[in-house]
Amino acid sequence: MGMQPEEFIDQINRKQMPAFRELFGSFYRYLVLYAMRYVRQQEVSEDIVQEVFIAIWESDKKYNSYHGFRAFLYDSVKNRCLNYLKHQEVERRHAEILLQEQDEEDEDHRLMREEMYRALHRAVDELPERCRQVFKLHLQGKKNEEIAQMLELSVETVKTQKKKAMYFLRERLGRLYYLLMILNIIDL
């Protein structure tokens with residue numbers, strides 16, 4: 001340390017720049033190493049020490065002795081490290097809760113979607129035979145022409161059967177029909 005301890009404390013108390021240069025030169029590396037023992041991250045340790053230095057600059061607190069000031073520096077760094085670690089733990093728990101809620105929400109959506117499919121297939125099974133055949137092929141993504149060829153029907157008959165199926169499903173499923181349309185599970 002270039003200054004006498006009493007002169008250093010006096011200048012720190014009066015917010016003199018030479019004392020803060022001395023503070024940085026004499027303590028910065030040691031305080032960063034001290035912080036590293038807690039947070040184990042170089043950048044975080046450097047940020048913590050810088051925050052302590054800024055807090056000293058902005059504070060109206062007066063220091064009585066060099067040894068008391070030095071103890072205050074180390075205590076401040078330790079406390080900020082512990083606060084950082086507590087905050088990290090809170091963030092970790094919050095992230096776990098969000099992931100768990102997302103998993104539960106995904107499971108709820110999956111179950112709702114399965115239930116919609118079950119309701120749709122129960123209603124489709126109630127369709128007359130030819131209408132059911134046409135509509136099941138439609139649900140598989142087949143085009144009208146493909147369905148007509150597979151079932152040896154005219155394209156117009158396929159369209160008519162699909163319309164009958166849609167009308168029946170709209171009546172049978174009610175609002176669920178429109179939800180299935182929105183989700184593109186069924187379409188014309």
# chains A, B, ... in the order shown; residues from 1 in each chain; ligands from 1
$ select_by_dssp --residues "segment 2-53 of chain A" --states "helix (DSSP H, G or I)" --output "PyMOL selection string"
chain A and resi 5-13+17-39+42-53
$ residues_around --residues "Arg175 of chain A" --least-positions-apart "6" --cutoff "12 Å" --atoms "only C-alpha atoms" --output "PyMOL selection string"
chain A and resi 116+119-120+169+181-182
$ write_last_selection --atoms "C-alpha atoms" --output "PDB file, in the first residue's frame"
ATOM      1  CA  MET A 116     -61.015 -35.004 -28.796  1.00  0.00           C
ATOM      2  CA  ALA A 119     -64.844 -38.331 -29.465  1.00  0.00           C
ATOM      3  CA  LEU A 120     -64.237 -37.771 -33.177  1.00  0.00           C
ATOM      4  CA  LEU A 169     -70.260 -34.676 -37.097  1.00  0.00           C
ATOM      5  CA  MET A 181     -61.778 -27.545 -37.433  1.00  0.00           C
ATOM      6  CA  ILE A 182     -59.634 -24.827 -35.827  1.00  0.00           C
TER       7      ILE A 182
END
$ closest_residue --among "A:Asp60, A:Glu101, A:Glu126, A:Glu107" --to "Lys15 of chain A" --atoms "only C-alpha atoms"
A:Asp60
$ residues_around --residues "Leu127 of chain A" --least-positions-apart "4" --cutoff "8 Å" --atoms "only C-alpha atoms" --output "PDB file with C-alpha atoms, in the first residue's frame"
ATOM      1  CA  ALA A 123     -68.761 -40.164 -33.887  1.00  0.00           C
ATOM      2  CA  CYS A 131     -69.833 -42.449 -45.458  1.00  0.00           C
ATOM      3  CA  ARG A 132     -67.507 -43.780 -42.732  1.00  0.00           C
ATOM      4  CA  ALA A 165     -70.214 -36.870 -42.712  1.00  0.00           C
ATOM      5  CA  PHE A 168     -73.455 -35.462 -39.044  1.00  0.00           C
TER       6      PHE A 168
END
$ residues_around --residues "Cys81 of chain A" --least-positions-apart "3" --cutoff "9 Å" --atoms "only C-alpha atoms" --output "list in words"
Ala35, Met36, Tyr38, Val39, Val44, Ser45, Ile48, Ser76, Val77, Lys78, Tyr84, Leu85 and Lys86 of chain A
$ closest_residue --among "A:Lys62, A:Val52, A:Asn83, A:Trp57" --to "Met17 of chain A" --atoms "only C-alpha atoms"
A:Trp57
$ atom_distance --atom1 "atom CA of Glu145 of chain A" --atom2 "atom CA of Arg113 of chain A"
29.4 Å
